[in-house]
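Peer 1: Following this line is final_14.cif, made up of mmCIF, C-alpha atoms, pLDDT in the B column; chains and numbers go by the auth columns:
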```cif
data_structure
#
loop_
_atom_site.group_PDB
_atom_site.id
_atom_site.type_symbol
_atom_site.label_atom_id
_atom_site.label_comp_id
_atom_site.label_asym_id
_atom_site.label_seq_id
_atom_site.Cartn_x
_atom_site.Cartn_y
_atom_site.Cartn_z
_atom_site.B_iso_or_equiv
_atom_site.auth_seq_id
_atom_site.auth_asym_id
ATOM 1 C CA ILE A 1 202.461 155.877 28.704 78.00 1 A
ATOM 2 C CA LEU A 2 201.615 155.010 32.300 77.00 2 A
ATOM 3 C CA GLY A 3 199.578 158.249 32.590 81.00 3 A
ATOM 4 C CA VAL A 4 197.591 157.468 29.431 78.00 4 A
ATOM 5 C CA VAL A 5 196.906 153.905 30.548 75.00 5 A
ATOM 6 C CA SER A 6 195.901 155.116 34.033 76.00 6 A
ATOM 7 C CA THR A 7 193.515 157.694 32.523 77.00 7 A
ATOM 8 C CA MET A 8 191.938 155.027 30.321 74.00 8 A
ATOM 9 C CA LEU A 9 191.533 152.660 33.261 73.00 9 A
ATOM 10 C CA VAL A 10 189.977 155.330 35.489 74.00 10 A
ATOM 11 C CA GLY A 11 187.666 156.455 32.676 75.00 11 A
ATOM 12 C CA GLY A 12 186.574 152.877 32.050 73.00 12 A
ATOM 13 C CA TRP A 13 185.991 152.293 35.755 68.00 13 A
ATOM 14 C CA ILE A 14 183.840 155.440 36.021 71.00 14 A
ATOM 15 C CA SER A 15 181.800 154.374 32.985 69.00 15 A
ATOM 16 C CA LEU A 16 181.270 150.930 34.485 62.00 16 A
ATOM 17 C CA GLN A 17 180.180 152.454 37.786 60.00 17 A
ATOM 18 C CA ASP A 18 177.683 154.750 36.010 63.00 18 A
ATOM 19 C CA SER A 19 176.364 151.849 33.967 57.00 19 A
ATOM 20 C CA TYR A 20 176.030 149.654 37.046 48.00 20 A
ATOM 21 C CA GLY A 21 174.274 152.412 38.990 53.00 21 A
ATOM 22 C CA TYR A 22 171.815 152.975 36.153 54.00 22 A
ATOM 23 C CA SER A 23 171.128 149.233 35.861 55.00 23 A
ATOM 24 C CA VAL A 24 170.414 149.037 39.585 52.00 24 A
ATOM 25 C CA THR A 25 168.044 152.010 39.313 52.00 25 A
ATOM 26 C CA VAL A 26 166.167 150.475 36.374 56.00 26 A
ATOM 27 C CA ASN A 27 165.928 147.113 38.170 60.00 27 A
ATOM 28 C CA ASP A 28 164.652 148.816 41.334 71.00 28 A
ATOM 29 C CA ALA A 29 161.977 150.680 39.359 76.00 29 A
ATOM 30 C CA SER A 30 160.891 147.468 37.630 80.00 30 A
ATOM 31 C CA SER A 31 160.808 145.589 40.925 85.00 31 A
ATOM 32 C CA THR A 32 158.764 148.350 42.586 86.00 32 A
ATOM 33 C CA ALA A 33 156.270 148.379 39.709 89.00 33 A
ATOM 34 C CA ARG A 34 155.973 144.563 39.693 90.00 34 A
ATOM 35 C CA ASP A 35 155.415 144.411 43.441 91.00 35 A
ATOM 36 C CA ALA A 36 152.811 147.196 43.376 93.00 36 A
ATOM 37 C CA VAL A 37 150.886 145.562 40.519 94.00 37 A
ATOM 38 C CA ALA A 38 151.054 142.168 42.284 93.00 38 A
ATOM 39 C CA VAL A 39 149.631 143.544 45.553 92.00 39 A
ATOM 40 C CA ALA A 40 146.901 145.505 43.765 94.00 40 A
ATOM 41 C CA GLY A 41 146.037 142.447 41.689 93.00 41 A
ATOM 42 C CA ARG A 42 145.782 140.116 44.690 90.00 42 A
ATOM 43 C CA ALA A 43 143.610 142.583 46.600 90.00 43 A
ATOM 44 C CA LEU A 44 141.276 143.085 43.621 92.00 44 A
ATOM 45 C CA ARG A 45 141.074 139.352 42.943 89.00 45 A
ATOM 46 C CA ALA A 46 139.740 138.928 46.488 85.00 46 A
ATOM 47 C CA ALA A 47 137.066 141.607 46.023 86.00 47 A
ATOM 48 C CA GLN A 48 133.615 140.580 47.203 83.00 48 A
ATOM 49 C CA PRO A 49 130.278 142.217 48.028 81.00 49 A
ATOM 50 C CA PRO A 50 130.046 143.656 51.557 78.00 50 A
ATOM 51 C CA THR A 51 126.871 141.680 52.333 74.00 51 A
ATOM 52 C CA LEU A 52 125.028 138.612 51.078 68.00 52 A
ATOM 53 C CA ALA A 53 121.951 140.629 50.109 62.00 53 A
ATOM 54 C CA THR A 54 120.078 139.764 46.907 64.00 54 A
ATOM 55 C CA PRO A 55 120.778 141.304 44.514 68.00 55 A
ATOM 56 C CA ALA A 56 124.357 141.606 45.750 66.00 56 A
ATOM 57 C CA PRO A 57 125.625 145.170 46.160 72.00 57 A
ATOM 58 C CA ALA A 58 128.580 146.357 44.091 81.00 58 A
ATOM 59 C CA MET A 59 132.022 145.095 45.145 88.00 59 A
ATOM 60 C CA ILE A 60 133.604 148.161 43.518 92.00 60 A
ATOM 61 C CA THR A 61 132.308 151.522 44.708 93.00 61 A
ATOM 62 C CA ALA A 62 134.521 153.868 42.649 94.00 62 A
ATOM 63 C CA ALA A 63 136.251 153.228 39.318 95.00 63 A
ATOM 64 C CA THR A 64 138.411 155.975 37.786 96.00 64 A
ATOM 65 C CA PRO A 65 141.708 156.013 35.833 96.00 65 A
ATOM 66 C CA THR A 66 143.765 156.620 38.980 96.00 66 A
ATOM 67 C CA GLU A 67 141.640 155.121 41.767 97.00 67 A
ATOM 68 C CA VAL A 68 139.635 152.010 42.550 96.00 68 A
ATOM 69 C CA ASP A 69 137.633 151.571 45.760 96.00 69 A
ATOM 70 C CA PHE A 70 136.355 148.086 46.556 93.00 70 A
ATOM 71 C CA TYR A 71 135.289 145.716 49.309 89.00 71 A
ATOM 72 C CA SER A 72 137.681 142.885 50.072 85.00 72 A
ATOM 73 C CA ALA A 73 138.699 140.497 52.826 78.00 73 A
ATOM 74 C CA PHE A 74 142.299 140.504 51.569 77.00 74 A
ATOM 75 C CA ASP A 75 145.016 140.835 54.229 69.00 75 A
ATOM 76 C CA ASN A 76 142.570 140.874 57.120 65.00 76 A
ATOM 77 C CA ALA A 77 143.319 138.819 60.226 60.00 77 A
ATOM 78 C CA ALA A 78 139.573 138.240 60.755 58.00 78 A
ATOM 79 C CA THR A 79 139.329 136.348 57.459 57.00 79 A
ATOM 80 C CA THR A 80 138.956 132.568 57.499 55.00 80 A
ATOM 81 C CA ALA A 81 140.297 130.229 54.825 52.00 81 A
ATOM 82 C CA ASN A 82 137.126 130.530 52.728 53.00 82 A
ATOM 83 C CA GLY A 83 137.192 134.355 52.856 51.00 83 A
ATOM 84 C CA SER A 84 134.445 134.686 55.463 53.00 84 A
ATOM 85 C CA GLY A 85 134.579 135.873 59.012 53.00 85 A
ATOM 86 C CA LEU A 86 133.035 138.518 61.224 48.00 86 A
ATOM 87 C CA GLY A 87 134.237 141.909 60.036 54.00 87 A
ATOM 88 C CA ALA A 88 136.413 140.340 57.360 69.00 88 A
ATOM 89 C CA VAL A 89 135.153 142.410 54.430 80.00 89 A
ATOM 90 C CA HIS A 90 136.179 146.029 54.528 83.00 90 A
ATOM 91 C CA LEU A 91 136.470 148.907 52.082 89.00 91 A
ATOM 92 C CA MET A 92 139.880 149.295 50.415 92.00 92 A
ATOM 93 C CA ARG A 93 141.208 152.043 48.210 95.00 93 A
ATOM 94 C CA ILE A 94 144.126 151.987 45.771 96.00 94 A
ATOM 95 C CA TYR A 95 144.807 155.480 44.495 97.00 95 A
ATOM 96 C CA LEU A 96 147.379 157.777 42.940 96.00 96 A
ATOM 97 C CA ASP A 97 148.123 160.885 44.979 95.00 97 A
ATOM 98 C CA THR A 98 148.028 163.535 42.248 90.00 98 A
ATOM 99 C CA SER A 99 148.961 166.470 44.486 91.00 99 A
ATOM 100 C CA GLY A 100 152.115 168.495 43.934 87.00 100 A
ATOM 101 C CA SER A 101 153.648 169.985 40.803 87.00 101 A
ATOM 102 C CA ALA A 102 156.193 167.245 40.015 86.00 102 A
ATOM 103 C CA ALA A 103 155.298 164.793 37.244 84.00 103 A
ATOM 104 C CA GLN A 104 156.118 161.846 39.511 87.00 104 A
ATOM 105 C CA LYS A 105 153.367 160.768 41.895 92.00 105 A
ATOM 106 C CA THR A 106 152.884 158.141 44.615 94.00 106 A
ATOM 107 C CA LEU A 107 150.526 155.151 44.514 96.00 107 A
ATOM 108 C CA TYR A 108 148.910 154.256 47.853 96.00 108 A
ATOM 109 C CA TRP A 109 146.875 151.372 49.211 94.00 109 A
ATOM 110 C CA ASN A 110 144.463 152.215 52.032 93.00 110 A
ATOM 111 C CA THR A 111 142.832 149.351 53.949 87.00 111 A
ATOM 112 C CA GLY A 112 140.795 151.539 56.264 79.00 112 A
ATOM 113 C CA SER A 113 143.104 151.040 59.230 80.00 113 A
ATOM 114 C CA GLN A 114 146.394 151.863 57.515 87.00 114 A
ATOM 115 C CA THR A 115 147.838 153.406 54.372 92.00 115 A
ATOM 116 C CA THR A 116 150.766 151.756 52.577 92.00 116 A
ATOM 117 C CA LYS A 117 152.943 153.254 49.860 93.00 117 A
ATOM 118 C CA LEU A 118 152.891 150.836 46.929 94.00 118 A
ATOM 119 C CA ALA A 119 155.088 152.765 44.482 93.00 119 A
ATOM 120 C CA GLN A 120 156.669 156.170 44.104 89.00 120 A
ATOM 121 C CA ASN A 121 157.855 158.007 40.973 89.00 121 A
ATOM 122 C CA VAL A 122 154.682 156.858 39.170 93.00 122 A
ATOM 123 C CA VAL A 123 154.277 158.881 35.957 91.00 123 A
ATOM 124 C CA ASN A 124 150.990 157.555 34.518 92.00 124 A
ATOM 125 C CA ASN A 125 149.382 160.948 35.041 91.00 125 A
ATOM 126 C CA SER A 126 151.870 162.698 32.732 88.00 126 A
ATOM 127 C CA VAL A 127 152.444 160.107 29.973 89.00 127 A
ATOM 128 C CA ALA A 128 150.066 160.357 27.004 90.00 128 A
ATOM 129 C CA ASN A 129 148.387 157.199 25.748 90.00 129 A
ATOM 130 C CA GLY A 130 147.997 156.967 21.970 85.00 130 A
ATOM 131 C CA ASN A 131 146.720 153.392 22.121 84.00 131 A
ATOM 132 C CA VAL A 132 143.194 154.488 23.029 83.00 132 A
ATOM 133 C CA THR A 133 140.607 156.414 21.032 79.00 133 A
ATOM 134 C CA PRO A 134 140.474 159.290 21.597 85.00 134 A
ATOM 135 C CA THR A 135 144.099 159.705 22.710 90.00 135 A
ATOM 136 C CA THR A 136 144.410 160.746 26.352 92.00 136 A
ATOM 137 C CA SER A 137 146.989 163.022 27.965 93.00 137 A
ATOM 138 C CA TYR A 138 147.515 160.352 30.636 94.00 138 A
ATOM 139 C CA THR A 139 147.909 156.578 30.818 94.00 139 A
ATOM 140 C CA ALA A 140 145.213 155.107 33.031 96.00 140 A
ATOM 141 C CA ILE A 141 146.416 152.954 35.903 96.00 141 A
ATOM 142 C CA PHE A 142 143.041 151.203 35.985 97.00 142 A
ATOM 143 C CA THR A 143 140.931 150.219 32.983 96.00 143 A
ATOM 144 C CA TYR A 144 137.713 148.308 33.602 96.00 144 A
ATOM 145 C CA GLY A 145 135.879 145.598 31.704 95.00 145 A
ATOM 146 C CA TYR A 146 132.156 145.656 32.436 94.00 146 A
ATOM 147 C CA LEU A 147 128.778 144.704 31.030 91.00 147 A
ATOM 148 C CA ASP A 148 126.553 147.595 30.003 89.00 148 A
ATOM 149 C CA ALA A 149 122.788 147.705 30.539 86.00 149 A
ATOM 150 C CA ASN A 150 122.286 145.585 27.402 90.00 150 A
ATOM 151 C CA GLY A 151 124.780 142.931 28.514 88.00 151 A
ATOM 152 C CA ASN A 152 127.469 144.030 26.037 92.00 152 A
ATOM 153 C CA PHE A 153 131.092 143.948 27.199 93.00 153 A
ATOM 154 C CA GLN A 154 132.680 147.411 27.373 92.00 154 A
ATOM 155 C CA THR A 155 136.099 148.726 28.430 93.00 155 A
ATOM 156 C CA SER A 156 136.728 152.154 29.869 94.00 156 A
ATOM 157 C CA ASP A 157 138.961 153.863 32.409 95.00 157 A
ATOM 158 C CA THR A 158 135.864 155.422 34.022 93.00 158 A
ATOM 159 C CA VAL A 159 132.754 153.394 34.810 92.00 159 A
ATOM 160 C CA PRO A 160 129.342 155.021 35.388 88.00 160 A
ATOM 161 C CA SER A 161 127.899 154.368 38.840 88.00 161 A
ATOM 162 C CA ALA A 162 125.005 152.397 37.340 88.00 162 A
ATOM 163 C CA SER A 163 127.502 149.863 35.917 90.00 163 A
ATOM 164 C CA LEU A 164 129.809 149.447 38.942 92.00 164 A
ATOM 165 C CA ALA A 165 128.088 146.211 39.968 89.00 165 A
ATOM 166 C CA ARG A 166 128.760 144.773 36.498 91.00 166 A
ATOM 167 C CA ILE A 167 132.563 145.190 36.457 93.00 167 A
ATOM 168 C CA VAL A 168 134.125 141.801 35.709 93.00 168 A
ATOM 169 C CA SER A 169 137.812 142.669 35.185 94.00 169 A
ATOM 170 C CA VAL A 170 140.367 145.349 35.948 96.00 170 A
ATOM 171 C CA GLN A 171 143.510 146.031 33.929 96.00 171 A
ATOM 172 C CA ILE A 172 146.331 147.531 35.987 97.00 172 A
ATOM 173 C CA HIS A 173 148.988 149.455 34.050 96.00 173 A
ATOM 174 C CA LEU A 174 151.806 151.085 36.016 94.00 174 A
ATOM 175 C CA LEU A 175 154.587 153.329 34.691 92.00 175 A
ATOM 176 C CA VAL A 176 157.436 154.046 37.120 90.00 176 A
ATOM 177 C CA ASP A 177 160.207 156.484 36.198 86.00 177 A
ATOM 178 C CA ALA A 178 163.477 154.566 36.348 73.00 178 A
ATOM 179 C CA ASN A 179 165.755 157.597 36.597 67.00 179 A
ATOM 180 C CA LEU A 180 164.483 161.041 37.526 65.00 180 A
ATOM 181 C CA ASN A 181 167.728 162.708 36.437 65.00 181 A
ATOM 182 C CA SER A 182 167.832 161.460 32.837 67.00 182 A
ATOM 183 C CA PRO A 183 165.485 161.298 29.843 66.00 183 A
ATOM 184 C CA PRO A 184 162.384 159.228 30.609 64.00 184 A
ATOM 185 C CA ARG A 185 162.833 155.488 30.770 72.00 185 A
ATOM 186 C CA TYR A 186 159.835 153.805 32.300 78.00 186 A
ATOM 187 C CA ALA A 187 159.359 150.519 34.043 84.00 187 A
ATOM 188 C CA ASN A 188 156.167 149.493 32.271 88.00 188 A
ATOM 189 C CA ILE A 189 154.187 146.732 34.036 90.00 189 A
ATOM 190 C CA GLN A 190 150.622 145.675 33.356 91.00 190 A
ATOM 191 C CA THR A 191 148.247 142.839 34.112 94.00 191 A
ATOM 192 C CA THR A 192 144.544 142.092 33.939 94.00 192 A
ATOM 193 C CA VAL A 193 142.644 140.783 36.954 94.00 193 A
ATOM 194 C CA SER A 194 139.398 138.827 36.580 92.00 194 A
ATOM 195 C CA LEU A 195 137.242 139.459 39.597 88.00 195 A
ATOM 196 C CA ARG A 196 136.563 136.013 41.027 75.00 196 A
ATOM 197 C CA ASN A 197 133.323 137.094 42.703 62.00 197 A
ATOM 198 C CA ALA A 198 131.909 138.983 39.713 56.00 198 A
ATOM 199 C CA SER A 199 128.516 137.740 38.635 53.00 199 A
#
```
Here is the file; what I need is its structure written in the form of structure tokens.
Peer 2:
Amino acid sequence: ILGVVSTMLVGGWISLQDSYGYSVTVNDASSTARDAVAVAGRALRAAQPPTLATPAPAMITAATPTEVDFYSAFDNAATTANGSGLGAVHLMRIYLDTSGSAAQKTLYWNTGSQTTKLAQNVVNNSVANGNVTPTTSYTAIFTYGYLDANGNFQTSDTVPSASLARIVSVQIHLLVDANLNSPPRYANIQTTVSLRNAS
């Protein structure tokens, strides 16, 4: 009887440990995704044109499903309280490194002087999106809201260069694999950023 009870207790303890470990992994993935989206959102919200020329040049210089390049004074020691300052505005890049054969990729933030890893085990590039028409074989990290040449609001994960200056919002959608050793379970975080300096 003691052997049976001991076996049951050990089996229960192992199950609890596995469950706890998996919960920690899922929470870590969710936390990583939330933090990455928060940083990307704050940086994009601070986007501004590189000069005060009229008409103002585009704040965003590249807009694709896995990369956005933009001018911002965010996280720059030269920036004053109102966002101005000599050398404050610099080109930033948030991008998914799509190299390698593994489905999981790494999201980086480059500020010109340094590159920071925002999130790893990002699987947007390998998760199909059936919520768009036509369906894509990937889920875009960045989707843009912009005004076309006729002033009509459009959304797309790729913006033509002629419309870059008319981007008014960016949706960030990040999928992080919670457990690489088990069937896919994604931390799925998304937000939409209105560009405060968009005209």
Peer 1: Can you turn the PyMOL selection byres ((chain A and resi 67) around 7) into a concrete residue list for this file, as a PyMOL selection string?
Peer 2: chain A and resi 63-66+68-69+94-96
Peer 1: Pick out the closest residue to A:Ala165 from this set: A:Val122, A:Val10, A:Ala102, A:Leu195. Count only C-alpha atoms.
Peer 2: A:Leu195
Peer 1: Please indicate the distance in Å from atom CA of A:Phe153 to atom CA of A:Ser169, rounded to one decimal place.
Peer 2: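 Here the two named atoms are 10.5 Å from each other.
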Peer 1: Using the chain letters and numbers from this file, what does the PyMOL selection byres ((chain A and resi 168) around 8) select? Give the answer as a PyMOL selection string.
Peer 2: chain A and resi 144-147+166-167+169-170+194-195+198-199
Peer 1: Mind giving me the straight-line distance from atom CA of A:Ala149 to atom CA of A:Leu44 in Å, one decimal?
Peer 2: 23.1 Å
Peer 1: Could you tell me which of A:Leu175, A:Arg185, A:Ser163, A:Asp35 comes closest to A:Tyr138 if we count all atoms listed in the file?
Peer 2: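 The closest residue to A:Tyr138 is A:Leu175.
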Peer 1: Would you please work out which residue, of A:Thr51, A:Ser156, A:Ser161, A:Ser101, is nearest to A:Phe142 when using only C-alpha atoms?
Peer 2: A:Ser156
Peer 1: Using atom CA of A:Ile141 and atom CA of A:Ser99 as the two end points, give the distance in Å to one decimal.
Peer 2: 16.2 Å
Peer 1: Quick one: everything within 10 Å of A:Ala36, counting only C-alpha atoms, minus sequence neighbours fewer than 6 positions away in the same chain. Send it as a short mmCIF file (atom, residue, chain, number, x, y, z; two decimals) with C-alpha atoms, in the coordinates of the input.
Peer 2:
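Dumped to result-v5.cif:
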```
data_model
loop_
_atom_site.label_atom_id
_atom_site.label_comp_id
_atom_site.auth_asym_id
_atom_site.auth_seq_id
_atom_site.Cartn_x
_atom_site.Cartn_y
_atom_site.Cartn_z
CA SER A 30 160.89 147.47 37.63
CA LEU A 107 150.53 155.15 44.51
CA TYR A 108 148.91 154.26 47.85
CA TRP A 109 146.88 151.37 49.21
CA LYS A 117 152.94 153.25 49.86
CA LEU A 118 152.89 150.84 46.93
CA ALA A 119 155.09 152.76 44.48
CA GLN A 120 156.67 156.17 44.10
CA ILE A 172 146.33 147.53 35.99
CA LEU A 174 151.81 151.08 36.02
CA ILE A 189 154.19 146.73 34.04
#
```
Peer 1: Could you list, as a count of residues only, every residue matched by the PyMOL selection byres ((chain A and resi 105) around 6) in this structure?
Peer 2: 4
Peer 1: With distances taken over only C-alpha atoms, which residue among A:Val123, A:Met8, A:Ala40, A:Met92 lies nearest A:Ala178?
Peer 2: A:Val123
Peer 1: Adding 5 Å on each side of the box along x, y and z that holds all listed atoms of stretch 1-5 of chain A, could you give its centre and edge lengths in Å to one decimal, as JSON?
Peer 2:
```
{"center_x": 199.7, "center_y": 156.1, "center_z": 30.6, "size_x": 15.6, "size_y": 14.3, "size_z": 13.9}
```
Peer 1: So, with all atoms listed in the file as the atoms that count, which of A:Leu9, A:Ala58, A:Ile14, A:Ala43 lies closest to A:Arg93?
Peer 2: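 Once distances to A:Arg93 are computed over all atoms listed in the file, the minimum belongs to A:Ala43.
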Peer 1: Let me make sure I understand: among A:Val5, A:Ala73, A:Val132, A:Val176, which one has the smallest atom-to-atom distance to A:Thr111 if we use all atoms listed in the file?
Peer 2: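 Closest residue, counting all atoms listed in the file: A:Ala73.
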Peer 1: With all heavy atoms as the goal, would you fill in the gaps in stretch 1-11 of chain A and present it as a PDB file, in the coordinates of the input?
Peer 2:
```
ATOM      1  N   ILE A   1     203.288 157.033  29.058  1.00 78.00           N
ATOM      2  CA  ILE A   1     202.461 155.877  28.704  1.00 78.00           C
ATOM      3  C   ILE A   1     201.625 155.420  29.910  1.00 78.00           C
ATOM      4  O   ILE A   1     200.445 155.131  29.800  1.00 78.00           O
ATOM      5  CB  ILE A   1     203.340 154.717  28.197  1.00 78.00           C
ATOM      6  CG1 ILE A   1     203.947 155.086  26.839  1.00 78.00           C
ATOM      7  CG2 ILE A   1     202.506 153.436  28.065  1.00 78.00           C
ATOM      8  CD1 ILE A   1     204.952 154.081  26.338  1.00 78.00           C
ATOM      9  N   LEU A   2     202.316 155.410  31.079  1.00 77.00           N
ATOM     10  CA  LEU A   2     201.615 155.010  32.300  1.00 77.00           C
ATOM     11  C   LEU A   2     200.452 155.958  32.594  1.00 77.00           C
ATOM     12  O   LEU A   2     199.365 155.535  32.997  1.00 77.00           O
ATOM     13  CB  LEU A   2     202.601 154.982  33.471  1.00 77.00           C
ATOM     14  CG  LEU A   2     202.057 154.475  34.801  1.00 77.00           C
ATOM     15  CD1 LEU A   2     201.524 153.052  34.661  1.00 77.00           C
ATOM     16  CD2 LEU A   2     203.136 154.533  35.858  1.00 77.00           C
ATOM     17  N   GLY A   3     200.639 157.267  32.369  1.00 81.00           N
ATOM     18  CA  GLY A   3     199.578 158.249  32.590  1.00 81.00           C
ATOM     19  C   GLY A   3     198.389 158.013  31.674  1.00 81.00           C
ATOM     20  O   GLY A   3     197.233 158.093  32.090  1.00 81.00           O
ATOM     21  N   VAL A   4     198.672 157.728  30.394  1.00 78.00           N
ATOM     22  CA  VAL A   4     197.591 157.468  29.431  1.00 78.00           C
ATOM     23  C   VAL A   4     196.814 156.219  29.826  1.00 78.00           C
ATOM     24  O   VAL A   4     195.574 156.195  29.826  1.00 78.00           O
ATOM     25  CB  VAL A   4     198.171 157.326  28.004  1.00 78.00           C
ATOM     26  CG1 VAL A   4     197.091 156.825  27.044  1.00 78.00           C
ATOM     27  CG2 VAL A   4     198.742 158.645  27.526  1.00 78.00           C
ATOM     28  N   VAL A   5     197.567 155.153  30.158  1.00 75.00           N
ATOM     29  CA  VAL A   5     196.906 153.905  30.548  1.00 75.00           C
ATOM     30  C   VAL A   5     196.072 154.113  31.811  1.00 75.00           C
ATOM     31  O   VAL A   5     194.928 153.635  31.919  1.00 75.00           O
ATOM     32  CB  VAL A   5     197.954 152.792  30.752  1.00 75.00           C
ATOM     33  CG1 VAL A   5     197.315 151.561  31.383  1.00 75.00           C
ATOM     34  CG2 VAL A   5     198.619 152.437  29.434  1.00 75.00           C
ATOM     35  N   SER A   6     196.632 154.857  32.786  1.00 76.00           N
ATOM     36  CA  SER A   6     195.901 155.116  34.033  1.00 76.00           C
ATOM     37  C   SER A   6     194.618 155.893  33.756  1.00 76.00           C
ATOM     38  O   SER A   6     193.555 155.589  34.312  1.00 76.00           O
ATOM     39  CB  SER A   6     196.777 155.901  35.007  1.00 76.00           C
ATOM     40  OG  SER A   6     197.907 155.153  35.354  1.00 76.00           O
ATOM     41  N   THR A   7     194.701 156.903  32.885  1.00 77.00           N
ATOM     42  CA  THR A   7     193.515 157.694  32.523  1.00 77.00           C
ATOM     43  C   THR A   7     192.452 156.815  31.882  1.00 77.00           C
ATOM     44  O   THR A   7     191.258 156.936  32.181  1.00 77.00           O
ATOM     45  CB  THR A   7     193.907 158.846  31.578  1.00 77.00           C
ATOM     46  OG1 THR A   7     194.895 159.654  32.214  1.00 77.00           O
ATOM     47  CG2 THR A   7     192.703 159.680  31.211  1.00 77.00           C
ATOM     48  N   MET A   8     192.893 155.921  30.976  1.00 74.00           N
ATOM     49  CA  MET A   8     191.938 155.027  30.321  1.00 74.00           C
ATOM     50  C   MET A   8     191.281 154.088  31.322  1.00 74.00           C
ATOM     51  O   MET A   8     190.059 153.849  31.278  1.00 74.00           O
ATOM     52  CB  MET A   8     192.653 154.214  29.236  1.00 74.00           C
ATOM     53  CG  MET A   8     193.080 155.040  28.030  1.00 74.00           C
ATOM     54  SD  MET A   8     194.097 154.132  26.858  1.00 74.00           S
ATOM     55  CE  MET A   8     193.012 152.799  26.416  1.00 74.00           C
ATOM     56  N   LEU A   9     192.087 153.565  32.258  1.00 73.00           N
ATOM     57  CA  LEU A   9     191.533 152.660  33.261  1.00 73.00           C
ATOM     58  C   LEU A   9     190.535 153.363  34.168  1.00 73.00           C
ATOM     59  O   LEU A   9     189.451 152.835  34.457  1.00 73.00           O
ATOM     60  CB  LEU A   9     192.650 152.044  34.093  1.00 73.00           C
ATOM     61  CG  LEU A   9     193.530 151.003  33.380  1.00 73.00           C
ATOM     62  CD1 LEU A   9     194.691 150.588  34.280  1.00 73.00           C
ATOM     63  CD2 LEU A   9     192.696 149.782  33.014  1.00 73.00           C
ATOM     64  N   VAL A  10     190.876 154.567  34.611  1.00 74.00           N
ATOM     65  CA  VAL A  10     189.977 155.330  35.489  1.00 74.00           C
ATOM     66  C   VAL A  10     188.697 155.696  34.746  1.00 74.00           C
ATOM     67  O   VAL A  10     187.582 155.572  35.277  1.00 74.00           O
ATOM     68  CB  VAL A  10     190.676 156.591  36.036  1.00 74.00           C
ATOM     69  CG1 VAL A  10     189.676 157.503  36.730  1.00 74.00           C
ATOM     70  CG2 VAL A  10     191.795 156.202  37.003  1.00 74.00           C
ATOM     71  N   GLY A  11     188.849 156.126  33.480  1.00 75.00           N
ATOM     72  CA  GLY A  11     187.666 156.455  32.676  1.00 75.00           C
ATOM     73  C   GLY A  11     186.757 155.252  32.476  1.00 75.00           C
ATOM     74  O   GLY A  11     185.531 155.355  32.572  1.00 75.00           O
TER      75      GLY A  11
END
```
